[in-house]
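Shown next: upload.csv, containing CSV, C-alpha atoms and all ligand atoms.
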```
chain,number,residue,atom,x,y,z
Z,79,MET,CA,159.1,84.1,141.0
Z,80,THR,CA,162.8,83.9,140.1
Z,81,LYS,CA,164.2,87.3,139.4
Z,82,GLY,CA,165.6,88.0,135.9
Z,83,VAL,CA,169.4,88.3,135.5
Z,84,LEU,CA,170.9,91.7,134.8
Z,85,TYR,CA,173.8,91.4,132.3
Z,86,VAL,CA,176.2,94.3,131.8
Z,87,PHE,CA,178.0,94.1,128.5
Z,88,SER,CA,180.9,96.4,127.6
Z,89,ALA,CA,183.3,96.6,124.8
Z,90,PRO,CA,185.3,99.5,123.3
Z,91,SER,CA,183.6,101.5,120.5
Z,92,GLY,CA,184.4,99.7,117.2
Z,93,CYS,CA,184.9,96.3,118.7
Z,94,GLY,CA,181.9,94.9,116.9
Z,95,LYS,CA,179.4,95.0,119.9
Z,96,GLY,CA,176.5,95.9,117.6
Z,97,THR,CA,177.1,92.9,115.3
Z,98,VAL,CA,177.6,90.5,118.1
Z,99,LEU,CA,174.4,91.6,119.9
Z,100,THR,CA,172.3,91.5,116.7
Z,101,GLU,CA,173.4,87.8,116.4
Z,102,LEU,CA,172.8,87.2,120.1
Z,103,ARG,CA,169.2,88.4,119.7
Z,104,LYS,CA,168.5,85.5,117.3
Z,105,ARG,CA,169.9,83.1,119.9
Z,106,MET,CA,168.1,84.6,122.9
Z,107,PRO,CA,164.9,86.3,121.6
Z,108,GLU,CA,163.4,86.5,125.1
Z,109,LEU,CA,166.2,88.7,126.4
Z,110,LYS,CA,165.3,92.3,126.9
Z,111,TYR,CA,167.7,94.9,125.5
Z,112,SER,CA,167.6,98.1,127.6
Z,113,VAL,CA,167.2,101.3,125.4
Z,114,SER,CA,169.5,104.0,126.7
Z,115,ALA,CA,169.0,107.7,126.7
Z,116,THR,CA,171.7,109.9,125.1
Z,117,THR,CA,172.4,113.5,124.2
Z,118,ARG,CA,174.4,112.3,121.1
Z,119,ALA,CA,172.9,113.1,117.7
Z,120,PRO,CA,171.4,110.1,115.9
Z,121,ARG,CA,173.6,108.4,113.3
Z,122,GLU,CA,172.1,107.6,109.9
Z,123,GLY,CA,169.6,104.8,110.3
Z,124,GLU,CA,169.2,105.2,114.0
Z,125,VAL,CA,165.6,105.4,115.3
Z,126,ASP,CA,164.4,107.2,118.4
Z,127,GLY,CA,163.1,104.7,121.0
Z,128,VAL,CA,164.7,101.8,119.2
Z,129,HIS,CA,168.5,102.4,119.2
Z,130,TYR,CA,168.4,105.1,121.8
Z,131,TYR,CA,166.1,107.7,123.3
Z,132,PHE,CA,167.7,110.8,121.7
Z,133,VAL,CA,167.1,113.5,124.3
Z,134,SER,CA,168.1,117.1,125.0
Z,135,ARG,CA,170.8,118.0,127.6
Z,136,GLU,CA,168.0,119.5,129.8
Z,137,ARG,CA,165.9,116.3,129.6
Z,138,PHE,CA,168.9,114.1,130.3
Z,139,ASP,CA,169.9,116.2,133.4
Z,140,GLU,CA,166.3,116.1,134.6
Z,141,LEU,CA,166.3,112.2,134.4
Z,142,VAL,CA,169.5,112.1,136.4
Z,143,GLU,CA,168.4,114.6,139.0
Z,144,THR,CA,165.1,112.9,139.6
Z,145,GLY,CA,166.8,109.5,140.2
Z,146,GLY,CA,165.4,108.1,136.9
Z,147,MET,CA,168.8,106.7,135.8
Z,148,LEU,CA,170.3,103.4,137.0
Z,149,GLU,CA,173.6,104.7,135.8
Z,150,HIS,CA,175.0,107.4,133.5
Z,151,ALA,CA,178.2,108.6,132.1
Z,152,THR,CA,179.9,111.0,129.7
Z,153,PHE,CA,181.6,109.4,126.8
Z,154,CYS,CA,183.5,111.4,124.2
Z,155,GLY,CA,181.6,114.5,125.0
Z,156,ASN,CA,178.1,113.0,125.0
Z,157,SER,CA,176.0,111.8,127.9
Z,158,TYR,CA,174.5,108.3,128.0
Z,159,GLY,CA,172.3,106.6,130.7
Z,160,THR,CA,170.1,103.7,131.4
Z,161,PRO,CA,166.5,104.6,132.4
Z,162,LYS,CA,165.9,102.6,135.6
Z,163,GLU,CA,162.2,101.9,135.7
Z,164,LYS,CA,161.9,99.4,132.8
Z,165,VAL,CA,165.0,97.5,133.8
Z,166,PHE,CA,163.7,96.7,137.3
Z,167,GLU,CA,160.2,96.0,136.0
Z,168,CYS,CA,161.6,93.3,133.7
Z,169,LEU,CA,163.9,91.8,136.4
Z,170,ASP,CA,161.0,91.7,138.9
Z,171,ASN,CA,158.9,89.9,136.3
Z,172,GLY,CA,161.6,87.3,135.8
Z,173,ILE,CA,162.9,88.7,132.5
Z,174,ASP,CA,166.6,88.9,131.8
Z,175,VAL,CA,167.9,92.3,130.8
Z,176,ILE,CA,171.1,93.2,129.0
Z,177,LEU,CA,172.7,96.7,129.2
Z,178,GLU,CA,175.2,97.6,126.5
Z,179,ILE,CA,177.1,100.3,128.3
Z,180,GLU,CA,180.6,101.8,128.7
Z,181,THR,CA,182.8,101.1,131.7
Z,182,LYS,CA,182.1,104.1,134.0
Z,183,GLY,CA,178.4,103.4,133.9
Z,184,ALA,CA,179.1,99.7,134.2
Z,185,MET,CA,181.0,100.2,137.4
Z,186,MET,CA,178.1,102.3,138.8
Z,187,VAL,CA,175.8,99.3,138.1
Z,188,LYS,CA,178.3,96.9,139.7
Z,189,GLU,CA,178.3,99.1,142.8
Z,190,SER,CA,174.5,99.6,143.2
Z,191,TYR,CA,173.5,96.1,141.9
Z,192,PRO,CA,176.2,93.6,142.7
Z,193,GLU,CA,174.2,90.7,141.3
Z,194,ALA,CA,174.8,92.1,137.8
Z,195,VAL,CA,176.8,89.7,135.6
Z,196,MET,CA,179.7,91.8,134.2
Z,197,ILE,CA,180.9,90.8,130.7
Z,198,PHE,CA,183.7,92.5,128.7
Z,199,MET,CA,184.5,91.9,125.1
Z,200,LEU,CA,188.0,92.8,123.9
Z,201,PRO,CA,189.2,93.7,120.3
Z,202,PRO,CA,192.0,91.6,118.9
Z,203,SER,CA,194.3,94.7,119.2
Z,204,ILE,CA,194.0,98.5,119.3
Z,205,GLY,CA,195.3,98.7,115.7
Z,206,GLU,CA,192.4,96.5,114.6
Z,207,LEU,CA,190.0,98.6,116.6
Z,208,ARG,CA,191.2,101.8,114.8
Z,209,ASN,CA,190.8,100.0,111.4
Z,210,ARG,CA,187.2,99.1,112.2
Z,211,LEU,CA,186.3,102.6,113.3
Z,212,GLU,CA,187.8,104.0,110.1
Z,213,ASN,CA,186.0,101.6,107.9
Z,214,ARG,CA,182.7,102.6,109.5
Z,215,HIS,CA,183.1,106.1,107.9
Z,216,SER,CA,180.7,107.6,110.4
Z,217,GLU,CA,183.1,109.7,112.5
Z,218,THR,CA,185.8,112.3,111.8
Z,219,GLU,CA,189.5,111.4,112.4
Z,220,GLU,CA,189.4,113.6,115.5
Z,221,VAL,CA,186.4,111.6,116.9
Z,222,ILE,CA,188.2,108.3,116.0
Z,223,ASP,CA,191.3,109.4,117.9
Z,224,GLY,CA,189.2,110.2,120.9
Z,225,ARG,CA,187.5,106.8,120.7
Z,226,VAL,CA,190.8,104.9,120.4
Z,227,LYS,CA,192.1,106.7,123.4
Z,228,GLU,CA,188.9,105.9,125.3
Z,229,ALA,CA,189.3,102.2,124.3
Z,230,ALA,CA,192.7,101.9,125.9
Z,231,ARG,CA,191.2,103.4,129.1
Z,232,GLU,CA,188.2,101.1,129.0
Z,233,ILE,CA,190.3,97.9,128.4
Z,234,ALA,CA,192.2,98.7,131.6
Z,235,VAL,CA,188.9,98.5,133.5
Z,236,ALA,CA,188.1,95.0,132.2
Z,237,GLU,CA,189.8,93.4,135.2
Z,238,ASN,CA,186.8,94.5,137.3
Z,239,TYR,CA,184.4,92.3,135.2
Z,240,ASP,CA,183.4,88.7,135.8
Z,241,TYR,CA,184.0,87.5,132.2
Z,242,VAL,CA,186.3,88.6,129.4
Z,243,PHE,CA,186.7,87.3,125.8
Z,244,VAL,CA,188.2,88.5,122.5
Z,245,ASN,CA,186.1,89.2,119.4
Z,246,ASP,CA,188.2,88.1,116.5
Z,247,ASP,CA,185.5,86.1,114.8
Z,248,VAL,CA,181.8,87.1,115.1
Z,249,SER,CA,180.2,83.7,115.3
Z,250,GLU,CA,182.8,82.4,117.9
Z,251,ALA,CA,182.2,85.6,119.9
Z,252,VAL,CA,178.4,85.1,119.9
Z,253,GLU,CA,178.9,81.5,120.9
Z,254,THR,CA,181.2,82.5,123.8
Z,255,LEU,CA,178.8,85.2,124.9
Z,256,TYR,CA,175.9,82.8,124.8
Z,257,ARG,CA,177.8,80.2,126.9
Z,258,ILE,CA,178.8,82.9,129.4
Z,259,MET,CA,175.2,84.1,129.8
Z,260,THR,CA,173.9,80.6,130.2
Z,261,VAL,CA,176.5,79.4,132.7
Z,262,SER,CA,176.3,82.6,134.8
Z,263,LYS,CA,172.7,81.7,135.7
Z,264,ASN,CA,174.3,79.5,138.3
Z,265,LEU,CA,176.6,82.1,139.8
Z,266,VAL,CA,176.4,82.1,143.6
Z,267,LYS,CA,176.0,85.8,143.7
Z,268,ILE,CA,172.6,85.6,141.8
Z,269,ASN,CA,171.4,82.5,143.7
Z,270,GLN,CA,171.4,83.6,147.3
Z,271,ASP,CA,167.6,83.2,147.5
Z,272,LEU,CA,167.9,79.7,146.1
Z,273,ILE,CA,170.4,78.7,148.9
Z,274,LYS,CA,168.3,80.5,151.5
Z,275,GLY,CA,165.2,78.8,150.3
Z,276,VAL,CA,166.7,75.3,150.6
Z,277,LEU,CA,168.1,76.1,154.1
Z,278,ASP,CA,164.7,77.4,155.2
Z,279,LYS,CA,163.1,74.1,154.3
Z,280,CYS,CA,165.5,72.2,156.8
J,1,LIG,P1,177.8,105.0,120.6
J,1,LIG,O1,177.9,106.5,120.6
J,1,LIG,O2,178.9,104.4,119.8
J,1,LIG,O3,176.4,104.5,120.3
J,1,LIG,O4,178.1,104.6,122.1
J,1,LIG,C1,179.3,105.1,122.7
J,1,LIG,C2,179.5,104.3,124.0
J,1,LIG,O5,178.4,104.6,124.9
J,1,LIG,C3,179.5,102.8,123.8
J,1,LIG,O6,180.6,102.2,124.5
J,1,LIG,C4,178.2,102.3,124.4
J,1,LIG,O7,178.3,101.0,125.0
J,1,LIG,C5,178.0,103.3,125.5
J,1,LIG,N1,176.6,103.5,126.0
J,1,LIG,C6,175.5,103.3,125.3
J,1,LIG,N2,174.4,103.5,126.1
J,1,LIG,C7,174.9,103.7,127.3
J,1,LIG,C8,174.3,103.9,128.6
J,1,LIG,O8,173.1,103.9,128.8
J,1,LIG,N3,175.1,104.1,129.6
J,1,LIG,C9,176.5,104.1,129.5
J,1,LIG,N4,177.2,104.3,130.6
J,1,LIG,N5,177.1,103.9,128.3
J,1,LIG,C10,176.3,103.7,127.3
```
What does the file become when written as structure tokens?
Amino acid sequence: MTKGVLYVFSAPSGCGKGTVLTELRKRMPELKYSVSATTRAPREGEVDGVHYYFVSRERFDELVETGGMLEHATFCGNSYGTPKEKVFECLDNGIDVILEIETKGAMMVKESYPEAVMIFMLPPSIGELRNRLENRHSETEEVIDGRVKEAAREIAVAENYDYVFVNDDVSEAVETLYRIMTVSKNLVKINQDLIKGVLDKC
């Protein structure tokens, strides 16, 4: 069976990742969205097991120490990580998986699973990013300052990704992401078995 493709999708906080991914779900209903674990407190409307697994610091550390995380990172004072088991179960069953994660964790995935398709979405500008975070009214000014600083650091890491695009219009961004995900199915790095298979038949 052909293995599923692992997509790693990063974008600075406030860049419109959530909206773009909600729209993408409609275009690609068969795609599996990995649910991360975090020590962050739930925001209004967030549901445990749907948006995140909201776990204690002790439980998070235990998952890391027992090798249960594919990657993990600290972001603005909270820990986030991808539980490993379900991701590989899906990939092994031919199901494509998308991880929506920040850049430190993304680099860990790139290192341990080089076949991952790395996609980065940029905001039109840092000023626009700050506006979006402020309009969300879910964080204090101090938290927003931290997230803006973090955004600049994250954007500098974008050069390590395979694909990059700007989100200045949601439907265009979704279209671009969809095209990237479709075309990346033919990347050489995820088709080694295909090449080998044909050679073996010679
Ligand atoms: P938020 O607190 O806004 O939900 O997420 C903050 C940042 O953590 C976002 O950039 C998001 O992509 C990232 N994030 C969410 N889940 C994970 C994860 O499992 N691992 C890593 N490394 N980052 C994550």
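Nearest to Glu108 (chain Z) of all the residues Z:Cys93, Z:Val133, Z:Val86, Z:Cys168 is Z:Cys168, counting only C-alpha atoms.
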Test item: residues no farther than 6 Å from ligand LIG 1 (chain J), counting only C-alpha atoms and all ligand atoms, as an mmCIF file with C-alpha atoms, in the coordinates of the input:
```cif
data_model
loop_
_atom_site.group_PDB
_atom_site.id
_atom_site.type_symbol
_atom_site.label_atom_id
_atom_site.label_comp_id
_atom_site.auth_asym_id
_atom_site.auth_seq_id
_atom_site.Cartn_x
_atom_site.Cartn_y
_atom_site.Cartn_z
ATOM 1 C CA SER Z 88 180.900 96.400 127.600
ATOM 2 C CA PRO Z 90 185.300 99.500 123.300
ATOM 3 C CA SER Z 91 183.600 101.500 120.500
ATOM 4 C CA SER Z 114 169.500 104.000 126.700
ATOM 5 C CA ALA Z 115 169.000 107.700 126.700
ATOM 6 C CA HIS Z 150 175.000 107.400 133.500
ATOM 7 C CA ALA Z 151 178.200 108.600 132.100
ATOM 8 C CA TYR Z 158 174.500 108.300 128.000
ATOM 9 C CA GLY Z 159 172.300 106.600 130.700
ATOM 10 C CA THR Z 160 170.100 103.700 131.400
ATOM 11 C CA GLU Z 178 175.200 97.600 126.500
ATOM 12 C CA ILE Z 179 177.100 100.300 128.300
ATOM 13 C CA GLU Z 180 180.600 101.800 128.700
ATOM 14 C CA LYS Z 182 182.100 104.100 134.000
ATOM 15 C CA GLY Z 183 178.400 103.400 133.900
#
```
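Atom pair CA of Val266 (chain Z) / CA of Val195 (chain Z) has a distance of 11.0 Å (rounded to one decimal).
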Provide the CA of Ile222 (chain Z) to CA of Arg135 (chain Z) distance in Å, to one decimal place. 23.1 Å
At a cut-off of 7 Å, using all atoms listed in the file, what residues contact region 245-251 of chain Z? Leave out same-chain residues fewer than 6 positions from it and give the result as a PyMOL selection string. chain Z and resi 98+199-202
Tell me which protein, DNA and RNA residues are within 10 Å of region 211-220 of chain Z, counting all atoms listed in the file, leaving out same-chain ones fewer than 6 positions away, and put them as a JSON list (two decimals) with C-alpha atoms, in the frame of the given file.
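For reference, part15.json as written:
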```
[["chain", "number", "residue", "atom", "x", "y", "z"],
["Z", 91, "SER", "CA", 183.60, 101.50, 120.50],
["Z", 92, "GLY", "CA", 184.40, 99.70, 117.20],
["Z", 93, "CYS", "CA", 184.90, 96.30, 118.70],
["Z", 94, "GLY", "CA", 181.90, 94.90, 116.90],
["Z", 121, "ARG", "CA", 173.60, 108.40, 113.30],
["Z", 122, "GLU", "CA", 172.10, 107.60, 109.90],
["Z", 226, "VAL", "CA", 190.80, 104.90, 120.40]]
```
Given the point (170.5, 91.0, 127.5) in the coordinates of this file, which residues lie within 6 Å, counting all atoms listed in the file, and how would they look as JSON, numbers by chain? {"Z": [85, 109, 110, 111, 175, 176]}
Please, what is the axis-aligned box for every listed atom of region 126-129 of chain Z with 8 Å on each side, as centre and edge lengths in Å to one decimal, as AutoDock Vina command-line options?
```
--center_x 165.8 --center_y 104.5 --center_z 119.7 --size_x 21.4 --size_y 21.4 --size_z 18.6
```
Atomic distance CA of Glu136 (chain Z) - CA of Phe87 (chain Z), expressed in Å with one decimal: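 Spanning CA of Glu136 (chain Z) to CA of Phe87 (chain Z) is a straight-line distance of 27.3 Å.
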Check the smallest atom-to-atom distance from each of Z:Ile258, Z:Val187, Z:Val244, Z:Val128 to Met147 (chain Z) using only C-alpha atoms, then report the winner.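 With only C-alpha atoms as the atom set, the closest residue is Z:Val187.
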Let me make sure I understand: among Z:Asp126, Z:Glu237, Z:Glu193, Z:Glu140, which one has the smallest atom-to-atom distance to Asn264 (chain Z) if we use all atoms listed in the file?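 Distance minimum relative to Asn264 (chain Z) lands on Z:Glu193.
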Residues near Tyr256 (chain Z), cut-off 9 Å, only C-alpha atoms, skip fewer than 6 positions along chain, as a count of residues only: 3
Could you give me, as an NGL selection string, the residues that have an atom at most 8 Å away from the point (166.6, 90.9, 134.9) in the coordinates of the file, using all atoms listed in the file? :Z and (81-85 or 165-166 or 168-176)
Option closest in space to Pro161 (chain Z), from Z:Lys227, Z:Tyr131, Z:Ser190, Z:Ser262 [counting all atoms listed in the file]: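 Closest to Pro161 (chain Z) of all the choices is Z:Tyr131.
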